[in-house]
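To keep things clear, I will list the structure first and then write my remarks on it.
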Amino acid sequence: MEFDRLVLTPPQMRTAELAAGAHGVSVSELMDIAGEALGRAVLEAAHRLMKKNILFICGNGNNGGDGYVAARLLQGSAAEITVIQCGQPKTDLAKAAFAKLSPETEILTLEQVIADPSIIDHAEIIVDCVFGIGFHGELDRNLQWLFLKCALSESYCIACDAPSGVNCMSGRISPGTFAAHETVTFHRPKLGMLISPAKERCGEIKTVPIGIGDYVSEYTRVVINYADKELVKTFLPYRVEDSHKGNFGRVVLCCGSSAYPGAAVISSRAALRSGVGIVNLCTHERVIDAALGSIPECTFTPVRCSYDGYMLSDAADDILRACQRAGALVIGCGLGKTEQTEKLVCDLIRRAPCPIVLDADGINCLSAHIDVLKEKRTEIILTPHPAELARLCGTDTASVTQDMFGHACEIAEQYGVTVHSKSTQTLTVKDNICYLTDFGCSALAKGGSGDMLAGLIGGLIAQGLSSEKACVLADYIMGRSARALCETLSARGVLPIDIIERFPRTFFELEQDL
């Protein structure tokens, strides 16, 4: 992708445009610059593909105005330009741009195209300028039909700023969303364009400057960074050859129950592969018995449990003693949700002396008592998937998927915690910074992947990494390991234990690239 790491939400982009006005660049100038940049991109594609029949589909707002500016620019070239109007221009800027089109320009209505679909088949390049980044909801039936015809044609498809039908906040798409081979977006890429399923409709994203300066603090409170390999490798903890296990930290895991021993084993195994010096698993004796054969490098602390195999609240003292020299505490993988485990989690949050990674049942136990986070004495890292984030926010999963960024920011700001919001693409929010990561694949869509991630994050924090850097690096190590395995194996059969065994190779590859 051709852009730097800064990503904006649609509201941030609108504020950026207002900030540009305060710096002497009017919205009219921004449209001219954007339309001309789009026109150059379309002309470049026409030359590259040796095509000349270009169809602009223009909406009635400013995205349509960008299209009119681009069409006017191409009128002096060898290209044959046709414009489809999806409604008369409504904004002053769109009206002004439309008025400047040459009288010779062929302008058709959507109704004319519906009556004669061959107009779509005749086009060699189609440029979508209907909605842009402000779209939400669903496309009407006529636009769904039109964009389906575009997709079925042999035309090369270009989207202006964002494909119509893409929600640039959430990454959701409407039925019939325009499918672009490339998207020419302005100033910065928009968050939703980098999130599935919208990501797959954007094709190659090309970001072009339009005269908005880098006065970021004036138009955004939370800065979103797209985390790529080049950034991630700078997060690797430094290792000295003349060292011992004490130099690389200690992580404690409060995980597992007799019903879910595997979660404790997976998280501990991932922690062991993180590079941390010592891993101590605090859990039920039966879990320890099951784990000894597969993670002999681990140390163990048996804790008090109920007759049915779940930890009791008074296990907190033993766990806290284990944390006295620890750099991180991981809580929740396979813990179970009972009245006693809820009390235990709240007590540990109030008393733990080291950063806490709270995952799975740790989050489920917290959700009904979330205000206990205000009593914390250490840093807290929450690693929710969308349903867990919804519980933390007191809302439903559908609301979270519509604005994962907003909900993650809400919890991070209100409680002063780090939120690592997991999905196909993941957002890590801490204070006024957010990282977007996109390293995974379908091999991770299995039980145990969250346990693996939590253990890995805990191990990295114990080695001295800040919470947000540990989350991003862990995402990369786990995701890249999974993708590497899928280069020779089917994602269907790859298990978390296979991915963990690949960690050392992934760390090695990252180290060699420094």
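Every chain in the structure tokens has a letter given in the order shown (A, B, ...), and although residue numbers restart at 1 in each chain, ligands are simply numbered from 1 in the order shown.
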Those of region 76-240 of chain A in DSSP helix (DSSP H, G or I), formatted as an NGL selection string:
:A and (92-99 or 110-115 or 118-122 or 132-134 or 141-152 or 191-194 or 198-202 or 216-218 or 229-235)
Generate the output file for the selected residues, N, CA and C atoms, as a short mmCIF file (atom, residue, chain, number, x, y, z; two decimals), in the first residue's frame.
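Dumped everything to result_13.cif:
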```
data_model
loop_
_atom_site.label_atom_id
_atom_site.label_comp_id
_atom_site.auth_asym_id
_atom_site.auth_seq_id
_atom_site.Cartn_x
_atom_site.Cartn_y
_atom_site.Cartn_z
N ASP A 92 -23.01 23.32 -3.11
CA ASP A 92 -22.51 24.44 -3.92
C ASP A 92 -21.25 24.05 -4.68
N LEU A 93 -20.36 23.29 -4.02
CA LEU A 93 -19.11 22.90 -4.67
C LEU A 93 -19.38 21.96 -5.85
N ALA A 94 -20.29 21.01 -5.65
CA ALA A 94 -20.61 20.08 -6.74
C ALA A 94 -21.27 20.82 -7.91
N LYS A 95 -22.16 21.76 -7.60
CA LYS A 95 -22.81 22.54 -8.65
C LYS A 95 -21.78 23.33 -9.46
N ALA A 96 -20.83 23.95 -8.75
CA ALA A 96 -19.81 24.75 -9.43
C ALA A 96 -18.93 23.88 -10.31
N ALA A 97 -18.56 22.68 -9.80
CA ALA A 97 -17.71 21.78 -10.59
C ALA A 97 -18.44 21.27 -11.82
N PHE A 98 -19.73 20.96 -11.66
CA PHE A 98 -20.53 20.48 -12.79
C PHE A 98 -20.66 21.56 -13.87
N ALA A 99 -20.82 22.80 -13.45
CA ALA A 99 -21.01 23.90 -14.39
C ALA A 99 -19.78 24.13 -15.28
N LEU A 110 -29.02 8.07 -14.41
CA LEU A 110 -29.03 6.67 -14.00
C LEU A 110 -30.19 5.93 -14.66
N GLU A 111 -31.30 6.60 -14.83
CA GLU A 111 -32.46 5.96 -15.45
C GLU A 111 -32.15 5.59 -16.91
N GLN A 112 -31.40 6.42 -17.61
CA GLN A 112 -31.02 6.11 -18.99
C GLN A 112 -30.12 4.87 -19.05
N VAL A 113 -29.24 4.75 -18.07
CA VAL A 113 -28.34 3.59 -18.05
C VAL A 113 -29.13 2.32 -17.73
N ILE A 114 -30.09 2.42 -16.82
CA ILE A 114 -30.93 1.26 -16.51
C ILE A 114 -31.68 0.81 -17.76
N ALA A 115 -32.12 1.78 -18.57
CA ALA A 115 -32.84 1.44 -19.81
C ALA A 115 -31.91 0.87 -20.86
N SER A 118 -25.96 -1.35 -21.96
CA SER A 118 -24.77 -1.50 -22.80
C SER A 118 -23.78 -0.36 -22.58
N ILE A 119 -24.26 0.74 -22.01
CA ILE A 119 -23.37 1.88 -21.70
C ILE A 119 -22.26 1.42 -20.76
N ILE A 120 -22.59 0.56 -19.79
CA ILE A 120 -21.59 0.02 -18.86
C ILE A 120 -20.62 -0.88 -19.61
N ASP A 121 -21.13 -1.73 -20.47
CA ASP A 121 -20.27 -2.66 -21.21
C ASP A 121 -19.29 -1.94 -22.13
N HIS A 122 -19.67 -0.76 -22.60
CA HIS A 122 -18.83 0.00 -23.52
C HIS A 122 -17.64 0.63 -22.79
N GLY A 132 -18.20 8.39 -1.52
CA GLY A 132 -16.98 8.70 -0.78
C GLY A 132 -17.02 8.21 0.65
N ILE A 133 -16.34 8.94 1.56
CA ILE A 133 -16.10 8.41 2.91
C ILE A 133 -17.26 8.64 3.87
N GLY A 134 -18.28 9.39 3.46
CA GLY A 134 -19.37 9.68 4.39
C GLY A 134 -20.50 8.68 4.38
N ARG A 141 -31.63 0.16 -4.41
CA ARG A 141 -31.63 -0.97 -5.35
C ARG A 141 -31.04 -0.60 -6.70
N ASN A 142 -31.27 0.64 -7.16
CA ASN A 142 -30.73 1.05 -8.46
C ASN A 142 -29.20 1.09 -8.44
N LEU A 143 -28.63 1.61 -7.34
CA LEU A 143 -27.17 1.65 -7.25
C LEU A 143 -26.60 0.24 -7.07
N GLN A 144 -27.28 -0.61 -6.34
CA GLN A 144 -26.83 -2.00 -6.23
C GLN A 144 -26.77 -2.64 -7.62
N TRP A 145 -27.81 -2.41 -8.41
CA TRP A 145 -27.84 -2.96 -9.78
C TRP A 145 -26.69 -2.38 -10.60
N LEU A 146 -26.49 -1.06 -10.50
CA LEU A 146 -25.46 -0.40 -11.29
C LEU A 146 -24.07 -0.94 -10.95
N PHE A 147 -23.79 -1.06 -9.66
CA PHE A 147 -22.45 -1.50 -9.25
C PHE A 147 -22.23 -2.98 -9.55
N LEU A 148 -23.30 -3.77 -9.53
CA LEU A 148 -23.18 -5.17 -9.93
C LEU A 148 -22.83 -5.25 -11.42
N LYS A 149 -23.47 -4.41 -12.23
CA LYS A 149 -23.14 -4.37 -13.66
C LYS A 149 -21.67 -3.99 -13.86
N CYS A 150 -21.19 -3.06 -13.08
CA CYS A 150 -19.78 -2.66 -13.16
C CYS A 150 -18.86 -3.83 -12.82
N ALA A 151 -19.22 -4.56 -11.77
CA ALA A 151 -18.40 -5.68 -11.34
C ALA A 151 -18.38 -6.80 -12.38
N LEU A 152 -19.49 -6.98 -13.08
CA LEU A 152 -19.58 -8.05 -14.08
C LEU A 152 -18.96 -7.65 -15.42
N LEU A 191 -9.94 4.75 8.18
CA LEU A 191 -9.88 3.56 9.02
C LEU A 191 -10.65 2.39 8.43
N GLY A 192 -11.91 2.60 8.07
CA GLY A 192 -12.75 1.49 7.61
C GLY A 192 -12.25 0.83 6.35
N MET A 193 -11.49 1.58 5.52
CA MET A 193 -10.97 1.01 4.28
C MET A 193 -9.93 -0.07 4.54
N LEU A 194 -9.37 -0.10 5.75
CA LEU A 194 -8.32 -1.06 6.09
C LEU A 194 -8.86 -2.22 6.91
N ALA A 198 -14.61 -4.32 4.04
CA ALA A 198 -14.41 -3.17 3.15
C ALA A 198 -13.05 -3.21 2.47
N LYS A 199 -12.06 -3.67 3.20
CA LYS A 199 -10.69 -3.74 2.67
C LYS A 199 -10.66 -4.46 1.32
N GLU A 200 -11.42 -5.53 1.20
CA GLU A 200 -11.41 -6.33 -0.02
C GLU A 200 -12.11 -5.61 -1.19
N ARG A 201 -12.90 -4.57 -0.92
CA ARG A 201 -13.57 -3.83 -1.99
C ARG A 201 -12.73 -2.65 -2.49
N CYS A 202 -11.65 -2.34 -1.79
CA CYS A 202 -10.86 -1.15 -2.12
C CYS A 202 -9.78 -1.42 -3.17
N VAL A 216 -1.37 17.55 12.75
CA VAL A 216 -2.24 16.46 13.22
C VAL A 216 -2.96 16.80 14.51
N SER A 217 -2.24 17.43 15.46
CA SER A 217 -2.83 17.69 16.77
C SER A 217 -4.05 18.61 16.68
N GLU A 218 -4.19 19.34 15.56
CA GLU A 218 -5.31 20.25 15.42
C GLU A 218 -6.60 19.53 14.99
N LYS A 229 5.52 -4.14 9.24
CA LYS A 229 6.70 -4.85 9.71
C LYS A 229 7.82 -3.90 10.08
N GLU A 230 7.97 -2.82 9.29
CA GLU A 230 9.05 -1.87 9.55
C GLU A 230 8.90 -1.22 10.92
N LEU A 231 7.67 -0.95 11.31
CA LEU A 231 7.44 -0.39 12.64
C LEU A 231 7.62 -1.45 13.71
N VAL A 232 7.07 -2.63 13.47
CA VAL A 232 7.07 -3.70 14.49
C VAL A 232 8.48 -4.10 14.88
N LYS A 233 9.38 -4.17 13.92
CA LYS A 233 10.72 -4.65 14.25
C LYS A 233 11.46 -3.71 15.21
N THR A 234 11.03 -2.44 15.25
CA THR A 234 11.66 -1.51 16.19
C THR A 234 11.20 -1.75 17.63
N PHE A 235 10.17 -2.59 17.81
CA PHE A 235 9.64 -2.88 19.14
C PHE A 235 10.33 -4.07 19.81
#
```
Please produce, as CSV, a per-residue contact table for region 247-273 of chain A versus region 458-480 of chain A (criterion: any atom at most 9 Å away, only C-alpha atoms considered), showing the nearest atom pair and its distance in Å to one decimal, sorted by chain then residue number.
```
residue,atom,partner,partner_atom,distance
A:Asn247,CA,A:Gln463,CA,8.1
A:Phe248,CA,A:Gln463,CA,5.2
A:Gly249,CA,A:Gln463,CA,5.0
A:Arg250,CA,A:Ala462,CA,5.8
A:Val251,CA,A:Ala462,CA,5.7
A:Val252,CA,A:Gly458,CA,8.3
A:Leu253,CA,A:Gly458,CA,8.4
A:Ala270,CA,A:Gly459,CA,8.1
A:Ala271,CA,A:Gly459,CA,4.9
A:Leu272,CA,A:Gly459,CA,7.3
A:Arg273,CA,A:Gly459,CA,8.3
```
If you run DSSP on the backbone here, which positions in region 193-356 of chain A get strand (DSSP E)? Please write them as a VMD selection string.
chain A and resid 204 to 208 223 to 226 250 to 254 278 to 283 299 to 302 328 to 331 356
Can you work out which one of A:Lys446, A:His407, A:Arg221, A:His181 has the shortest atom-to-atom distance to Val494 (chain A), counting only C-alpha atoms?
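The answer is A:Lys446, which sits nearest to Val494 (chain A).
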When you count only C-alpha atoms, which of these residues is closest to Val83 (chain A): A:Asp371, A:Asp513, A:Glu106, A:Asp66?
A:Glu106
Show which residues sit within 12 Å of Tyr310 (chain A), as a PyMOL selection string. Count only C-alpha atoms, and ignore same-chain residues fewer than 4 positions away.
chain A and resi 254-261+283-287+303-306+314-315+332+334-342+344+361
Output C-alpha atoms of each residue in that selection to a file, as a PDB file, in the first residue's frame.
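Contents of out.pdb, freshly written:
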```
ATOM      1  CA  CYS A 254      -3.567 -16.990  36.692  1.00  0.00           C
ATOM      2  CA  CYS A 255      -5.259 -19.300  34.236  1.00  0.00           C
ATOM      3  CA  GLY A 256      -7.020 -22.622  33.857  1.00  0.00           C
ATOM      4  CA  SER A 257      -9.547 -24.752  35.698  1.00  0.00           C
ATOM      5  CA  SER A 258     -10.362 -28.436  35.721  1.00  0.00           C
ATOM      6  CA  ALA A 259     -12.883 -27.747  32.925  1.00  0.00           C
ATOM      7  CA  TYR A 260     -10.387 -25.759  30.781  1.00  0.00           C
ATOM      8  CA  PRO A 261      -6.844 -27.001  31.393  1.00  0.00           C
ATOM      9  CA  THR A 283      -3.644 -22.923  38.743  1.00  0.00           C
ATOM     10  CA  HIS A 284      -5.514 -26.015  39.940  1.00  0.00           C
ATOM     11  CA  GLU A 285      -3.391 -29.045  40.869  1.00  0.00           C
ATOM     12  CA  ARG A 286      -5.167 -31.103  38.217  1.00  0.00           C
ATOM     13  CA  VAL A 287      -4.160 -28.558  35.568  1.00  0.00           C
ATOM     14  CA  VAL A 303      -3.828 -22.524  44.359  1.00  0.00           C
ATOM     15  CA  ARG A 304      -7.030 -23.131  46.274  1.00  0.00           C
ATOM     16  CA  CYS A 305      -9.949 -24.275  44.135  1.00  0.00           C
ATOM     17  CA  SER A 306     -13.541 -25.355  44.641  1.00  0.00           C
ATOM     18  CA  ASP A 314      -8.737 -16.550  48.599  1.00  0.00           C
ATOM     19  CA  ALA A 315      -6.267 -17.863  46.011  1.00  0.00           C
ATOM     20  CA  GLY A 332      -8.347 -15.270  32.545  1.00  0.00           C
ATOM     21  CA  GLY A 334      -9.703 -20.927  30.987  1.00  0.00           C
ATOM     22  CA  LEU A 335     -10.402 -19.385  34.394  1.00  0.00           C
ATOM     23  CA  GLY A 336     -14.167 -19.876  34.226  1.00  0.00           C
ATOM     24  CA  LYS A 337     -16.801 -17.411  35.414  1.00  0.00           C
ATOM     25  CA  THR A 338     -18.163 -18.055  38.890  1.00  0.00           C
ATOM     26  CA  GLU A 339     -18.946 -15.831  41.857  1.00  0.00           C
ATOM     27  CA  GLN A 340     -15.575 -16.798  43.335  1.00  0.00           C
ATOM     28  CA  THR A 341     -13.540 -16.119  40.174  1.00  0.00           C
ATOM     29  CA  GLU A 342     -15.256 -12.719  39.839  1.00  0.00           C
ATOM     30  CA  LEU A 344     -10.660 -13.143  42.627  1.00  0.00           C
ATOM     31  CA  ASP A 361     -12.885 -15.152  31.391  1.00  0.00           C
TER      32      ASP A 361
END
```
Go ahead and compute the interatomic distance for CA of Leu456 (chain A) and CA of Ile497 (chain A), in Å to one decimal.
12.7 Å
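Between His369 (chain A) and the residues A:Val400, A:Cys346, A:Ala180, A:Leu427, the shortest atom-to-atom distance, using only C-alpha atoms, involves A:Cys346.
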For region 157-165 of chain A, list every protein, DNA or RNA residue within 7 Å, evaluated using only C-alpha atoms, and leave out those in the same chain fewer than 3 positions away; present the list as a PyMOL selection string.
chain A and resi 38+125-133+135+138-139+173-174+177-186+201-202
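Using only C-alpha atoms for every distance, the candidate list A:Thr82, A:Asn280, A:Ser449, A:Ser196 yields A:Ser196 as the residue closest to Thr401 (chain A).
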Check which residues of region 66-130 of chain A sit at most 7 Å from region 30-36 of chain A using only C-alpha atoms, and return one row each with the closest pair of atoms and their distance in Å to one decimal, ordered by chain and rising number, as a tab-separated table.
```
residue	atom	partner	partner_atom	distance
A:Asp66	CA	A:Gly35	CA	4.3
A:Gly67	CA	A:Gly35	CA	6.2
A:Val69	CA	A:Gly35	CA	4.8
A:Ala70	CA	A:Gly35	CA	4.7
A:Leu73	CA	A:Glu36	CA	6.6
```
Which one of A:Ala37, A:Leu389, A:Ile266, A:Ala71 sits closest to Asp498 (chain A) if you count only C-alpha atoms?
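Of A:Ala37, A:Leu389, A:Ile266, A:Ala71, the one nearest Asp498 (chain A), counting only C-alpha atoms, is A:Ile266.
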